[in-house]
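Asker: Mind having a look at this structure? Questions to follow.
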Amino acid sequence: MTEIFARKAAADRTLVGWGKAHRFAGSKDRAAIAARVFAVLRQRNQCAFRMQSDDARALVIGSLSVVDGLDVEAIAALATDGSHALGAMSDQERAQLAAARVSSDPWVRLNYPEWLHAQLTLAFGDALEREMRALNERAPLDLRVNALKTSRAEVLRELGDAGVEVVELANTRHGLRVAAGVDAKVTALAAYGEGRFEIQDEASQRAVALAGARPGETVIDLAAGAGGKALALTAEMANSGRVIACDIDVGRLRHSEPRIERSGATIVEQAGNPYGGVVSGADLVFVDAPCSGSGTWRRNPEAKWTLDAARLETYLQAQARLLDRAAELLGPGGRVVFAVCSILPCERYERVDGFLARHPGWRVDATLDLTPARDGADGFFAARLVQG
């Protein structure tokens with residue numbers, strides 16, 4: 001946890017790195033450590049308030065009280081000395097636990113950064129508590145069936161035969177959700193390895209549907225990253241037309257190559273820097289913009305604590321630049337889709353309002369606005385923009 005906070009690092013990658021560097025820890029130990037880390041990240045503010053400290057040791061001890069509900073003596077029995085043990089508690093630590101402090105501040109009770117309180121209140125109003133509690137839960141595992149290779153019904157059957165219980169996502173054409181409580185190693189299945197489904201959350205699938213990509217069109221994915229939405233767009237187009245994937249991080253594009261090959265897509269072109277010589281006259285420019293990731297706090301709870309005002313401002317500037325670039329690349333009668341996995345108003349409607357102010361003659365044609373408590377999906381926003 002010290003490394004996650006100090007380096008603003010992703011929790012899952014940090015845990016993988018720790019496991020490789022500490023081979024003495026068995027699989028059960030690694031799983032228990034990961035569960036503790038994610039529990040602390042989800043309840044960080046409450047754990048810190050209980051202990052009146054936010055260092056890693058205090059957070060772990062505090063979590064045994066806040067998350068597990070253990071009393072002082074039960075925690076003391078776990079906090080033993082030893083080479084890989086937590087170490088005995090001090091009198092001060094015992095006193096902090098015994099005080100059992102509970103804060104009335106919403107950012108402590110609901111575990112979000114105090115500096116984002118105004119934005120989150122603006123976003124949710126009276127639903128703030130309900131939505132923030134939902135964002136502290138574990139996210140479901142969603143899949144997208146690859147329509148280039150198979151059907152949803154066939155993958156449902158195949159997963160059922162493999163003992164993986166899934167249900168259809170009603171608001172998607174190709175989505176499935178792994179049943180709650182099922183520990184499914186779906187990436188080990190032949191259906192995944194042979195490209196019959198991808199892991200993709202419901203919100204992203206619905207954003208692609210909002211774009212309305214059609215066979216034969218020229219589509220630019222302006223911030224393609226690892227290529228998930230480019231592949232979903234390709235499937236919507238029945239592998240007919242052009243999908244041009246761009247990203248300022250060319251390495252991320254290269255990492256998408258195995259996914260592209262696995263999917264059977266043949267129309268995806270990697271064009272590199274979105275500000276370089278990308279083809280113009282597109283029918284659709286999809287802007288999956290870099291953002292705070294606040295809508296994915298269920299999956300990535302560390303993102304609550306690694307975000308700061310400077311980083312958020314960098315995202316806001318990048319979003320504005322990408323939207324302006326999208327307008328330059330669009331052909332007559334085309335459309336721009338702006339998408340962010342964010343719950344913050346400054347990254348959602350405010351970004352669109354800024355674009356409309358800079359580009360008279362444009363308008364919002366349709367929007368997608370999802371929240372975890374209301375919709376059971378990641379927090380997500382998308383807007384389809386057209387001229388005229």
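Convention: chains lettered A, B, ... in structure tokens order; per-chain residue numbering from 1; ligands numbered from 1 as shown.
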I'd like to know which residues of range 126-354 of chain A are strand (DSSP E or B) (by DSSP, run on the backbone); could you write them as a ChimeraX atom specification?
Answerer: /A:142-145,166-168,175-178,197-199,218-221,242-246,268-272,282-288,330-340
Asker: Keeping only C-alpha atoms, take the residues you just selected and write them out as a PDB file, in the first residue's frame.
Answerer:
ATOM      1  CA  ASP A 142     -18.988  -8.284 -17.743  1.00  0.00           C
ATOM      2  CA  LEU A 143     -18.254  -9.936 -21.083  1.00  0.00           C
ATOM      3  CA  ARG A 144     -18.878  -8.909 -24.686  1.00  0.00           C
ATOM      4  CA  VAL A 145     -19.659 -11.673 -27.145  1.00  0.00           C
ATOM      5  CA  VAL A 166     -23.795 -15.906 -16.656  1.00  0.00           C
ATOM      6  CA  VAL A 167     -26.846 -13.807 -17.472  1.00  0.00           C
ATOM      7  CA  GLU A 168     -27.620 -11.584 -20.434  1.00  0.00           C
ATOM      8  CA  GLY A 175     -23.249  -8.414 -23.236  1.00  0.00           C
ATOM      9  CA  LEU A 176     -23.126 -11.064 -20.517  1.00  0.00           C
ATOM     10  CA  ARG A 177     -22.566 -10.718 -16.784  1.00  0.00           C
ATOM     11  CA  VAL A 178     -20.930 -13.392 -14.669  1.00  0.00           C
ATOM     12  CA  PHE A 197     -15.763 -13.171 -26.143  1.00  0.00           C
ATOM     13  CA  GLU A 198     -13.851 -10.289 -24.578  1.00  0.00           C
ATOM     14  CA  ILE A 199     -13.945  -8.810 -21.092  1.00  0.00           C
ATOM     15  CA  THR A 218     -14.535   5.019 -41.744  1.00  0.00           C
ATOM     16  CA  VAL A 219     -14.223   5.184 -37.966  1.00  0.00           C
ATOM     17  CA  ILE A 220     -11.395   6.770 -35.987  1.00  0.00           C
ATOM     18  CA  ASP A 221     -10.853   5.625 -32.399  1.00  0.00           C
ATOM     19  CA  ARG A 242     -12.076   0.977 -41.668  1.00  0.00           C
ATOM     20  CA  VAL A 243     -11.353   1.361 -37.964  1.00  0.00           C
ATOM     21  CA  ILE A 244      -8.306   3.547 -37.411  1.00  0.00           C
ATOM     22  CA  ALA A 245      -6.896   3.193 -33.902  1.00  0.00           C
ATOM     23  CA  CYS A 246      -4.846   6.091 -32.528  1.00  0.00           C
ATOM     24  CA  VAL A 268      -8.381  -2.289 -37.644  1.00  0.00           C
ATOM     25  CA  GLU A 269      -5.446  -0.064 -38.628  1.00  0.00           C
ATOM     26  CA  GLN A 270      -2.982   1.307 -36.098  1.00  0.00           C
ATOM     27  CA  ALA A 271      -2.189   4.935 -36.881  1.00  0.00           C
ATOM     28  CA  GLY A 272      -0.275   6.030 -33.780  1.00  0.00           C
ATOM     29  CA  ALA A 282     -14.295  10.120 -41.051  1.00  0.00           C
ATOM     30  CA  ASP A 283     -17.921   9.116 -40.625  1.00  0.00           C
ATOM     31  CA  LEU A 284     -17.403   8.637 -36.888  1.00  0.00           C
ATOM     32  CA  VAL A 285     -14.705   9.777 -34.485  1.00  0.00           C
ATOM     33  CA  PHE A 286     -14.878   7.993 -31.140  1.00  0.00           C
ATOM     34  CA  VAL A 287     -13.127   9.867 -28.323  1.00  0.00           C
ATOM     35  CA  ASP A 288     -12.629   7.496 -25.397  1.00  0.00           C
ATOM     36  CA  LEU A 330     -14.772  14.437 -39.215  1.00  0.00           C
ATOM     37  CA  GLY A 331     -16.309  14.392 -42.678  1.00  0.00           C
ATOM     38  CA  PRO A 332     -19.623  15.984 -43.732  1.00  0.00           C
ATOM     39  CA  GLY A 333     -22.605  14.450 -41.972  1.00  0.00           C
ATOM     40  CA  GLY A 334     -20.412  12.605 -39.503  1.00  0.00           C
ATOM     41  CA  ARG A 335     -20.599  12.365 -35.741  1.00  0.00           C
ATOM     42  CA  VAL A 336     -18.271  12.585 -32.764  1.00  0.00           C
ATOM     43  CA  VAL A 337     -18.809  10.457 -29.663  1.00  0.00           C
ATOM     44  CA  PHE A 338     -17.140  11.698 -26.483  1.00  0.00           C
ATOM     45  CA  ALA A 339     -16.911   9.092 -23.711  1.00  0.00           C
ATOM     46  CA  VAL A 340     -15.435   9.110 -20.197  1.00  0.00           C
TER      47      VAL A 340
END
Asker: Contacts between range 294-318 of chain A and range 58-130 of chain A, please, where a residue of range 58-130 of chain A counts if it comes within 9 Å (with only C-alpha atoms); show its shortest atom pair and distance in Å to one decimal, rows by chain and ascending number, as JSON lines.
Answerer:
{"residue": "A:Asn111", "atom": "CA", "partner": "A:Lys304", "partner_atom": "CA", "distance": 8.8}
{"residue": "A:Tyr112", "atom": "CA", "partner": "A:Lys304", "partner_atom": "CA", "distance": 6.5}
{"residue": "A:Pro113", "atom": "CA", "partner": "A:Lys304", "partner_atom": "CA", "distance": 6.7}
{"residue": "A:Trp115", "atom": "CA", "partner": "A:Ala309", "partner_atom": "CA", "distance": 8.4}
Asker: Fewer than 3 positions away in the same chain doesn't count, so skip those; otherwise give me all residues within 10 Å of Val352 in chain A, counting only C-alpha atoms, as a PyMOL selection string.
Answerer: chain A and resi 319-320+323+338+346-349+355-358+363-364+382-385
Asker: Skipping near chain neighbours, those fewer than 4 positions away, what residues fall within 12 Å of Thr121 in chain A using only C-alpha atoms, listed as a PDB file with N, CA and C atoms, in the first residue's frame?
Answerer:
ATOM      1  N   PRO A 106     -19.196  13.345   5.429  1.00  0.00           N
ATOM      2  CA  PRO A 106     -19.568  12.369   4.390  1.00  0.00           C
ATOM      3  C   PRO A 106     -18.373  11.759   3.684  1.00  0.00           C
ATOM      4  N   TRP A 107     -17.298  12.526   3.487  1.00  0.00           N
ATOM      5  CA  TRP A 107     -16.140  11.966   2.776  1.00  0.00           C
ATOM      6  C   TRP A 107     -15.415  10.913   3.614  1.00  0.00           C
ATOM      7  N   TYR A 112     -14.422   8.883   0.201  1.00  0.00           N
ATOM      8  CA  TYR A 112     -13.982   9.548  -1.022  1.00  0.00           C
ATOM      9  C   TYR A 112     -13.140  10.759  -0.642  1.00  0.00           C
ATOM     10  N   GLU A 114     -11.875  14.316   0.193  1.00  0.00           N
ATOM     11  CA  GLU A 114     -12.586  15.522   0.628  1.00  0.00           C
ATOM     12  C   GLU A 114     -12.572  16.596  -0.451  1.00  0.00           C
ATOM     13  N   TRP A 115     -11.475  16.693  -1.206  1.00  0.00           N
ATOM     14  CA  TRP A 115     -11.359  17.774  -2.191  1.00  0.00           C
ATOM     15  C   TRP A 115     -12.323  17.590  -3.371  1.00  0.00           C
ATOM     16  N   LEU A 116     -12.905  16.395  -3.505  1.00  0.00           N
ATOM     17  CA  LEU A 116     -13.891  16.149  -4.560  1.00  0.00           C
ATOM     18  C   LEU A 116     -15.336  16.275  -4.062  1.00  0.00           C
ATOM     19  N   HIS A 117     -15.515  16.696  -2.814  1.00  0.00           N
ATOM     20  CA  HIS A 117     -16.866  16.728  -2.244  1.00  0.00           C
ATOM     21  C   HIS A 117     -17.815  17.613  -3.057  1.00  0.00           C
ATOM     22  N   GLY A 125     -26.287  14.989  -5.763  1.00  0.00           N
ATOM     23  CA  GLY A 125     -27.287  15.621  -4.913  1.00  0.00           C
ATOM     24  C   GLY A 125     -27.723  14.710  -3.780  1.00  0.00           C
ATOM     25  N   ASP A 126     -29.031  14.501  -3.651  1.00  0.00           N
ATOM     26  CA  ASP A 126     -29.569  13.682  -2.564  1.00  0.00           C
ATOM     27  C   ASP A 126     -29.193  12.207  -2.690  1.00  0.00           C
ATOM     28  N   ALA A 127     -28.731  11.805  -3.862  1.00  0.00           N
ATOM     29  CA  ALA A 127     -28.359  10.396  -4.074  1.00  0.00           C
ATOM     30  C   ALA A 127     -26.886  10.136  -3.758  1.00  0.00           C
ATOM     31  N   LEU A 128     -26.190  11.131  -3.192  1.00  0.00           N
ATOM     32  CA  LEU A 128     -24.750  10.992  -2.948  1.00  0.00           C
ATOM     33  C   LEU A 128     -24.434   9.746  -2.128  1.00  0.00           C
ATOM     34  N   GLU A 129     -25.106   9.559  -1.006  1.00  0.00           N
ATOM     35  CA  GLU A 129     -24.774   8.424  -0.141  1.00  0.00           C
ATOM     36  C   GLU A 129     -25.014   7.101  -0.859  1.00  0.00           C
ATOM     37  N   ARG A 130     -26.135   6.986  -1.526  1.00  0.00           N
ATOM     38  CA  ARG A 130     -26.461   5.739  -2.224  1.00  0.00           C
ATOM     39  C   ARG A 130     -25.435   5.429  -3.306  1.00  0.00           C
ATOM     40  N   GLU A 131     -25.045   6.444  -4.080  1.00  0.00           N
ATOM     41  CA  GLU A 131     -24.102   6.215  -5.175  1.00  0.00           C
ATOM     42  C   GLU A 131     -22.695   5.928  -4.655  1.00  0.00           C
ATOM     43  N   MET A 132     -22.275   6.628  -3.617  1.00  0.00           N
ATOM     44  CA  MET A 132     -20.926   6.393  -3.109  1.00  0.00           C
ATOM     45  C   MET A 132     -20.829   5.027  -2.431  1.00  0.00           C
ATOM     46  N   ILE A 343     -17.578  10.124 -13.094  1.00  0.00           N
ATOM     47  CA  ILE A 343     -18.796  10.626 -12.470  1.00  0.00           C
ATOM     48  C   ILE A 343     -18.697  12.115 -12.177  1.00  0.00           C
ATOM     49  N   LEU A 344     -17.578  12.745 -12.523  1.00  0.00           N
ATOM     50  CA  LEU A 344     -17.350  14.149 -12.179  1.00  0.00           C
ATOM     51  C   LEU A 344     -17.956  15.060 -13.238  1.00  0.00           C
ATOM     52  N   PRO A 345     -18.801  16.011 -12.861  1.00  0.00           N
ATOM     53  CA  PRO A 345     -19.412  16.910 -13.847  1.00  0.00           C
ATOM     54  C   PRO A 345     -18.399  17.660 -14.701  1.00  0.00           C
TER      55      PRO A 345
END
Asker: Determine, counting only C-alpha atoms, which protein, DNA and RNA residues have an atom within 12 Å of an atom of Glu261 in chain A; residues of the same chain fewer than 5 positions away are not included. Present the result as a list in words.
Answerer: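 Answer for this query is Gly193, Glu194, Gly195, Arg196, Gly227, Leu231, Arg254, His255, Ser256, Thr266, Ile267 and Val268 of chain A.
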Asker: Could you write out that same residue set with N, CA and C atoms as a CSV table (one decimal), in the first residue's frame?
Answerer:
chain,number,residue,atom,x,y,z
A,193,GLY,N,-9.7,-17.6,-25.3
A,193,GLY,CA,-8.5,-17.8,-26.1
A,193,GLY,C,-8.7,-17.8,-27.6
A,194,GLU,N,-9.9,-18.2,-28.0
A,194,GLU,CA,-10.2,-18.3,-29.5
A,194,GLU,C,-11.0,-17.1,-29.9
A,195,GLY,N,-11.2,-16.1,-29.1
A,195,GLY,CA,-11.8,-14.8,-29.5
A,195,GLY,C,-13.3,-14.8,-29.6
A,196,ARG,N,-14.0,-15.7,-28.9
A,196,ARG,CA,-15.4,-15.7,-29.0
A,196,ARG,C,-16.1,-14.7,-28.0
A,227,GLY,N,-7.4,-1.1,-27.1
A,227,GLY,CA,-8.2,-1.6,-28.3
A,227,GLY,C,-9.6,-2.2,-28.0
A,231,LEU,N,-12.3,-2.9,-31.1
A,231,LEU,CA,-12.8,-4.2,-31.5
A,231,LEU,C,-14.4,-4.2,-31.4
A,254,ARG,N,0.4,-1.4,-29.6
A,254,ARG,CA,1.0,-2.7,-29.9
A,254,ARG,C,0.5,-3.8,-29.0
A,255,HIS,N,0.2,-3.5,-27.8
A,255,HIS,CA,-0.3,-4.5,-26.9
A,255,HIS,C,-1.7,-5.0,-27.3
A,256,SER,N,-2.3,-4.2,-28.1
A,256,SER,CA,-3.7,-4.7,-28.6
A,256,SER,C,-3.6,-5.7,-29.7
A,266,THR,N,-10.2,-7.7,-39.2
A,266,THR,CA,-9.3,-7.4,-40.3
A,266,THR,C,-9.3,-6.0,-40.7
A,267,ILE,N,-10.1,-5.1,-40.2
A,267,ILE,CA,-10.2,-3.7,-40.7
A,267,ILE,C,-9.6,-2.7,-39.7
A,268,VAL,N,-9.0,-3.2,-38.6
A,268,VAL,CA,-8.4,-2.3,-37.6
A,268,VAL,C,-7.0,-1.9,-38.1
